[in-house]
>>> print(open('data38.txt').read())   # compact mmCIF, C-alpha atoms and all ligand atoms
# COMPACT_ATOMS: atom_id res chain seq x y z
CA MET A 14 119.72 3.80 64.52
CA THR A 15 119.25 5.60 61.18
CA GLU A 16 121.98 8.07 60.28
CA TYR A 17 121.52 10.57 57.47
CA THR A 18 124.20 11.89 55.15
CA GLU A 19 124.73 15.64 54.76
CA GLU A 20 123.03 15.52 51.35
CA GLU A 21 119.90 14.20 53.04
CA TYR A 22 119.70 16.90 55.71
CA LEU A 23 116.49 18.91 55.82
CA LEU A 24 116.17 22.46 57.12
CA LEU A 25 115.76 22.46 60.88
CA SER A 26 113.62 25.60 60.68
CA GLY A 27 111.10 23.56 58.65
CA LEU A 28 110.01 21.87 61.89
CA GLN A 29 107.86 24.86 62.79
CA HIS A 30 106.09 24.75 59.40
CA PHE A 31 105.68 21.00 59.66
CA SER A 32 104.18 21.30 63.10
CA PHE A 33 101.81 24.07 61.89
CA CYS A 34 100.68 22.12 58.79
CA ARG A 35 102.29 19.11 57.08
CA ARG A 36 101.03 20.34 53.72
CA GLN A 37 102.46 23.84 54.15
CA TRP A 38 105.86 22.33 54.95
CA ALA A 39 105.70 20.04 51.89
CA LEU A 40 104.68 22.89 49.56
CA ILE A 41 107.64 24.91 50.78
CA HIS A 42 110.29 22.27 51.23
CA ILE A 43 109.37 19.57 48.71
CA GLU A 44 107.76 21.60 45.91
CA GLN A 45 110.64 24.02 45.51
CA GLN A 46 108.60 26.36 43.30
CA TRP A 47 106.97 27.74 46.43
CA GLN A 48 110.24 29.11 47.76
CA GLU A 49 109.29 32.71 46.90
CA ASN A 50 106.06 32.42 48.84
CA PHE A 51 107.96 30.91 51.69
CA LEU A 52 110.19 33.95 51.87
CA THR A 53 107.16 36.18 52.13
CA ILE A 54 105.59 34.02 54.85
CA ASP A 55 107.99 34.67 57.63
CA GLY A 56 111.41 35.51 56.29
CA GLU A 57 112.84 32.55 58.14
CA ILE A 58 115.45 31.71 55.53
CA LYS A 59 116.48 35.37 55.21
CA HIS A 60 116.57 35.48 58.95
CA GLU A 61 118.85 32.45 59.06
CA HIS A 62 121.17 33.84 56.41
CA ALA A 63 121.37 37.12 58.29
CA HIS A 64 123.33 35.44 61.06
CA ASP A 65 126.84 36.61 61.67
CA ASP A 66 128.58 33.25 61.40
CA HIS A 67 131.73 34.25 63.19
CA PHE A 68 130.59 36.23 66.18
CA ALA A 69 131.75 34.89 69.53
CA ALA A 70 132.59 36.82 72.67
CA LYS A 71 133.38 36.09 76.30
CA ARG A 72 132.17 38.25 79.13
CA GLY A 73 132.81 37.01 82.64
CA ASP A 74 131.54 33.42 82.94
CA LEU A 75 129.59 33.58 79.70
CA VAL A 76 130.68 32.87 76.13
CA THR A 77 128.12 34.02 73.55
CA VAL A 78 128.16 32.59 70.02
CA ARG A 79 125.82 33.94 67.33
CA GLY A 80 124.79 32.18 64.15
CA MET A 81 126.29 28.84 65.12
CA ALA A 82 125.76 26.19 62.43
CA VAL A 83 124.31 22.98 63.86
CA ALA A 84 123.40 19.58 62.45
CA SER A 85 122.37 16.13 63.56
CA ARG A 86 123.08 12.89 61.70
CA THR A 87 120.41 11.03 63.64
CA LEU A 88 117.69 13.63 63.04
CA GLY A 89 118.91 14.45 59.52
CA LEU A 90 118.45 18.17 60.18
CA SER A 91 120.74 21.17 59.86
CA GLY A 92 120.35 24.87 60.55
CA GLN A 93 121.68 27.72 62.62
CA CYS A 94 121.15 28.87 66.18
CA ASP A 95 120.48 32.57 66.71
CA VAL A 96 122.51 32.51 69.90
CA VAL A 97 124.19 29.81 71.95
CA GLU A 98 125.30 30.89 75.39
CA PHE A 99 128.03 28.76 76.93
CA ARG A 100 127.63 29.10 80.68
CA ALA A 101 130.58 28.26 82.92
CA GLU A 102 129.67 25.16 84.93
CA GLU A 103 131.77 22.37 86.39
CA GLN A 104 129.89 19.55 84.68
CA GLY A 105 130.07 21.20 81.26
CA ILE A 106 132.24 20.59 78.20
CA SER A 107 135.62 22.20 77.82
CA LEU A 108 136.14 25.02 75.35
CA ALA A 109 139.89 25.12 74.69
CA ARG A 110 139.79 28.66 73.33
CA TYR A 111 138.21 30.13 76.45
CA GLY A 112 139.47 27.78 79.16
CA GLY A 113 137.17 26.10 81.68
CA THR A 114 134.02 24.06 81.17
CA TYR A 115 130.66 25.27 79.90
CA VAL A 116 127.07 24.12 79.39
CA PRO A 117 125.44 25.27 76.11
CA TYR A 118 122.16 27.19 76.35
CA PRO A 119 120.44 27.91 72.99
CA VAL A 120 118.38 31.10 72.64
CA GLU A 121 116.11 31.67 69.64
CA TYR A 122 114.71 35.11 68.78
CA LYS A 123 111.13 35.32 67.53
CA ARG A 124 108.98 38.12 66.27
CA GLY A 125 105.60 38.51 67.98
CA LYS A 126 104.65 36.97 71.28
CA PRO A 127 104.59 33.45 72.75
CA LYS A 128 102.34 31.06 70.79
CA GLN A 129 99.78 28.56 72.04
CA ASP A 130 101.27 25.74 70.00
CA ASP A 131 104.65 24.05 70.29
CA CYS A 132 106.16 25.26 66.95
CA ASP A 133 108.85 27.46 68.49
CA ARG A 134 109.65 25.06 71.32
CA LEU A 135 110.10 22.21 68.83
CA GLN A 136 112.56 24.24 66.78
CA LEU A 137 114.56 25.21 69.86
CA CYS A 138 114.60 21.63 71.13
CA ALA A 139 115.86 20.41 67.73
CA GLN A 140 118.72 22.90 68.04
CA ALA A 141 119.52 21.53 71.49
CA LEU A 142 119.50 17.94 70.19
CA CYS A 143 121.92 18.96 67.42
CA LEU A 144 124.21 20.65 69.95
CA GLU A 145 124.10 17.61 72.23
CA GLU A 146 125.10 15.35 69.35
CA MET A 147 127.85 17.67 68.08
CA LEU A 148 129.36 18.49 71.46
CA ALA A 149 128.61 15.22 73.30
CA CYS A 150 126.85 16.97 76.15
CA GLU A 151 123.46 17.24 77.81
CA ILE A 152 121.29 20.34 77.56
CA SER A 153 118.25 20.54 79.78
CA GLU A 154 117.06 24.06 78.99
CA GLY A 155 117.10 26.89 76.46
CA ALA A 156 115.01 30.01 75.90
CA LEU A 157 112.81 31.75 73.35
CA TYR A 158 113.04 35.53 73.22
CA TYR A 159 109.96 37.29 71.85
CA LEU A 160 110.54 40.72 70.38
CA GLU A 161 106.98 41.90 71.11
CA THR A 162 107.06 41.07 74.81
CA ARG A 163 110.85 41.53 75.08
CA ARG A 164 110.94 38.58 77.39
CA ARG A 165 112.83 35.33 77.55
CA GLU A 166 110.64 32.27 77.96
CA PRO A 167 112.64 29.33 79.34
CA VAL A 168 111.97 25.99 77.62
CA GLN A 169 112.68 22.65 79.33
CA PHE A 170 113.81 19.94 76.95
CA ASP A 171 111.81 17.14 78.53
CA ASP A 172 111.32 13.65 77.10
CA ALA A 173 107.98 14.48 75.50
CA LEU A 174 109.41 17.45 73.55
CA ARG A 175 112.50 15.46 72.51
CA GLN A 176 110.32 12.58 71.36
CA ALA A 177 108.09 14.94 69.36
CA VAL A 178 111.13 16.39 67.54
CA CYS A 179 112.46 12.90 66.72
CA SER A 180 109.18 11.59 65.37
CA MET A 181 108.53 14.76 63.34
CA ALA A 182 112.00 14.62 61.80
CA LYS A 183 111.36 10.97 60.85
CA GLU A 184 107.98 11.86 59.32
CA MET A 185 109.52 14.77 57.37
CA HIS A 186 112.15 12.46 55.87
CA ALA A 187 109.50 9.89 54.94
CA TYR A 188 107.50 12.54 53.03
CA TYR A 189 110.66 13.97 51.47
CA GLN A 190 111.93 10.58 50.27
CA ARG A 191 108.59 9.98 48.53
CA ARG A 192 108.44 13.63 47.39
CA HIS A 193 104.91 13.46 48.72
CA THR A 194 102.81 16.55 49.50
CA PRO A 195 100.05 15.32 51.81
CA LYS A 196 96.44 16.45 51.66
CA VAL A 197 95.26 17.63 55.05
CA LYS A 198 92.04 18.68 56.70
CA THR A 199 91.67 22.44 56.34
CA GLY A 200 90.61 24.58 59.28
CA THR A 201 90.53 28.05 60.74
CA PHE A 202 94.33 27.85 61.03
CA CYS A 203 94.46 28.19 57.21
CA ARG A 204 93.57 31.88 57.65
CA GLN A 205 97.05 32.44 59.05
CA CYS A 206 98.71 30.68 56.11
CA SER A 207 100.23 32.76 53.33
CA LEU A 208 99.98 29.80 50.96
CA GLN A 209 96.20 29.52 51.26
CA GLU A 210 95.52 31.11 47.85
CA ILE A 211 97.58 28.48 46.12
CA CYS A 212 96.86 25.59 48.41
CA LEU A 213 93.10 25.71 48.98
CA PRO A 214 91.93 25.71 45.32
CA VAL A 215 94.21 22.74 44.72
CA LEU A 216 92.92 20.91 47.76
CA CYS A 217 89.29 21.54 46.82
CA LYS A 218 89.70 20.58 43.16
CA ARG A 219 91.93 17.68 44.14
CA SER A 220 94.39 18.53 41.38
CA SER A 221 98.14 18.62 41.92
CA ALA A 222 99.92 21.77 43.03
CA GLY A 223 102.14 21.56 39.94
CA GLU A 224 99.07 21.42 37.67
CA TYR A 225 97.54 24.41 39.47
CA ILE A 226 100.64 26.59 39.19
CA ARG A 227 100.98 25.71 35.48
CA LYS A 228 97.38 26.87 34.92
CA ARG A 229 98.05 30.08 36.86
CA LEU A 230 101.14 30.78 34.75
CA GLU A 231 99.20 30.16 31.53
CA GLU A 232 96.50 32.59 32.66
CA ALA A 233 99.07 35.27 33.53
CA PRO A 234 99.29 38.16 31.01
S1 LIG A 301 96.07 26.68 53.41
FE1 LIG A 301 95.74 25.38 55.20
S2 LIG A 301 95.99 23.29 54.44
FE2 LIG A 301 96.88 24.64 52.90
S3 LIG A 301 99.04 24.75 53.43
FE3 LIG A 301 98.06 26.48 54.41
S4 LIG A 301 97.55 25.78 56.47
FE4 LIG A 301 97.98 23.96 55.23
>>> encode(input="data38.txt", output="structure tokens", more="lines below")
Ligand code: SF4
Amino acid sequence: MTEYTEEEYLLLSGLQHFSFCRRQWALIHIEQQWQENFLTIDGEIKHEHAHDDHFAAKRGDLVTVRGMAVASRTLGLSGQCDVVEFRAEEQGISLARYGGTYVPYPVEYKRGKPKQDDCDRLQLCAQALCLEEMLACEISEGALYYLETRRREPVQFDDALRQAVCSMAKEMHAYYQRRHTPKVKTGTFCRQCSLQEICLPVLCKRSSAGEYIRKRLEEAP
């Protein structure tokens, strides 16, 4: 089984971009010059950095940890969980600080409402896989909380979702190792992409993104 070093870890939150469009992910995560645009897309990195790394509290049978850093050597991903609830259960793992045994339950907060695609579920499942590896436990479920609907949507971490996370992480590393930004078939989904103004002209002219941005900078007053 491949194991990645910490230096090779990719951002776990990139899974949702990768699942939306391989090219968008590569522009953001491989071609670092797009970082500014990335921040305007969805504020994910800001969002991640806004976590309170040290918040943990116990209320009754529930320990709540916010901003927990997670990583997986086998996936080669690292990131942070918005919230991990540790629920008191007999078959759980022991938490020395709080006494008793607990099962982790990751909860990710999202703006908007539930999406048709699997982007958010993939990200949450990757968090669960990291937690399983770090804590040597099994996690069968987590939840996505959507701010628009103010509802928790439970997500089952079934084999198909786990497999999708593993193969996407592998594909991301393959692109990253080659520093390759793939060309993809454009579609109506491009309308939702904040990188379309920089991406589409490049795709159509078949020039490199680097070449395009150099031209844009030369044209700038
Ligand atoms: S414009 Fe379309 S093809 Fe280009 S990165 Fe965005 S979603 Fe992908």
>>> axis_aligned_box(input="data38.txt", around="ligand LIG 301 (chain A)", padding_each_side="5 Å", output="JSON")
{"center_x": 97.4, "center_y": 25.0, "center_z": 54.7, "size_x": 13.3, "size_y": 13.4, "size_z": 13.6}
>>> residues_near_ligand(input="data38.txt", ligand="ligand LIG 301 (chain A)", cutoff="10 Å", atoms="only C-alpha atoms and all ligand atoms", output="PDB file with C-alpha atoms, keeping the file's coordinate frame")
ATOM      1  CA  HIS A  30     106.090  24.750  59.400  1.00  0.00           C
ATOM      2  CA  PHE A  31     105.680  21.000  59.660  1.00  0.00           C
ATOM      3  CA  PHE A  33     101.810  24.070  61.890  1.00  0.00           C
ATOM      4  CA  CYS A  34     100.680  22.120  58.790  1.00  0.00           C
ATOM      5  CA  ARG A  35     102.290  19.110  57.080  1.00  0.00           C
ATOM      6  CA  ARG A  36     101.030  20.340  53.720  1.00  0.00           C
ATOM      7  CA  GLN A  37     102.460  23.840  54.150  1.00  0.00           C
ATOM      8  CA  TRP A  38     105.860  22.330  54.950  1.00  0.00           C
ATOM      9  CA  ALA A  39     105.700  20.040  51.890  1.00  0.00           C
ATOM     10  CA  LEU A  40     104.680  22.890  49.560  1.00  0.00           C
ATOM     11  CA  ILE A  41     107.640  24.910  50.780  1.00  0.00           C
ATOM     12  CA  THR A 194     102.810  16.550  49.500  1.00  0.00           C
ATOM     13  CA  PRO A 195     100.050  15.320  51.810  1.00  0.00           C
ATOM     14  CA  LYS A 196      96.440  16.450  51.660  1.00  0.00           C
ATOM     15  CA  VAL A 197      95.260  17.630  55.050  1.00  0.00           C
ATOM     16  CA  LYS A 198      92.040  18.680  56.700  1.00  0.00           C
ATOM     17  CA  THR A 199      91.670  22.440  56.340  1.00  0.00           C
ATOM     18  CA  GLY A 200      90.610  24.580  59.280  1.00  0.00           C
ATOM     19  CA  THR A 201      90.530  28.050  60.740  1.00  0.00           C
ATOM     20  CA  PHE A 202      94.330  27.850  61.030  1.00  0.00           C
ATOM     21  CA  CYS A 203      94.460  28.190  57.210  1.00  0.00           C
ATOM     22  CA  ARG A 204      93.570  31.880  57.650  1.00  0.00           C
ATOM     23  CA  GLN A 205      97.050  32.440  59.050  1.00  0.00           C
ATOM     24  CA  CYS A 206      98.710  30.680  56.110  1.00  0.00           C
ATOM     25  CA  SER A 207     100.230  32.760  53.330  1.00  0.00           C
ATOM     26  CA  LEU A 208      99.980  29.800  50.960  1.00  0.00           C
ATOM     27  CA  GLN A 209      96.200  29.520  51.260  1.00  0.00           C
ATOM     28  CA  GLU A 210      95.520  31.110  47.850  1.00  0.00           C
ATOM     29  CA  ILE A 211      97.580  28.480  46.120  1.00  0.00           C
ATOM     30  CA  CYS A 212      96.860  25.590  48.410  1.00  0.00           C
ATOM     31  CA  LEU A 213      93.100  25.710  48.980  1.00  0.00           C
ATOM     32  CA  PRO A 214      91.930  25.710  45.320  1.00  0.00           C
ATOM     33  CA  VAL A 215      94.210  22.740  44.720  1.00  0.00           C
ATOM     34  CA  LEU A 216      92.920  20.910  47.760  1.00  0.00           C
TER      35      LEU A 216
END
>>> residues_around(input="data38.txt", residues="Gly113 (chain A)", least_positions_apart="6", cutoff="12 Å", atoms="all atoms listed in the file", output="PyMOL selection string")
chain A and resi 71+73-76+99-107
>>> atom_distance(input="data38.txt", atom1="CA of Gly112 (chain A)", atom2="CA of Ala70 (chain A)")
13.1 Å
>>> atom_distance(input="data38.txt", atom1="CA of Glu21 (chain A)", atom2="CA of Ala156 (chain A)")
28.2 Å
>>> atom_distance(input="data38.txt", atom1="CA of Arg124 (chain A)", atom2="CA of Leu144 (chain A)")
23.5 Å
>>> closest_residue(input="data38.txt", among="A:Cys150, A:Val178, A:Tyr122, A:Ala141", to="Arg163 (chain A)", atoms="all atoms listed in the file")
A:Tyr122
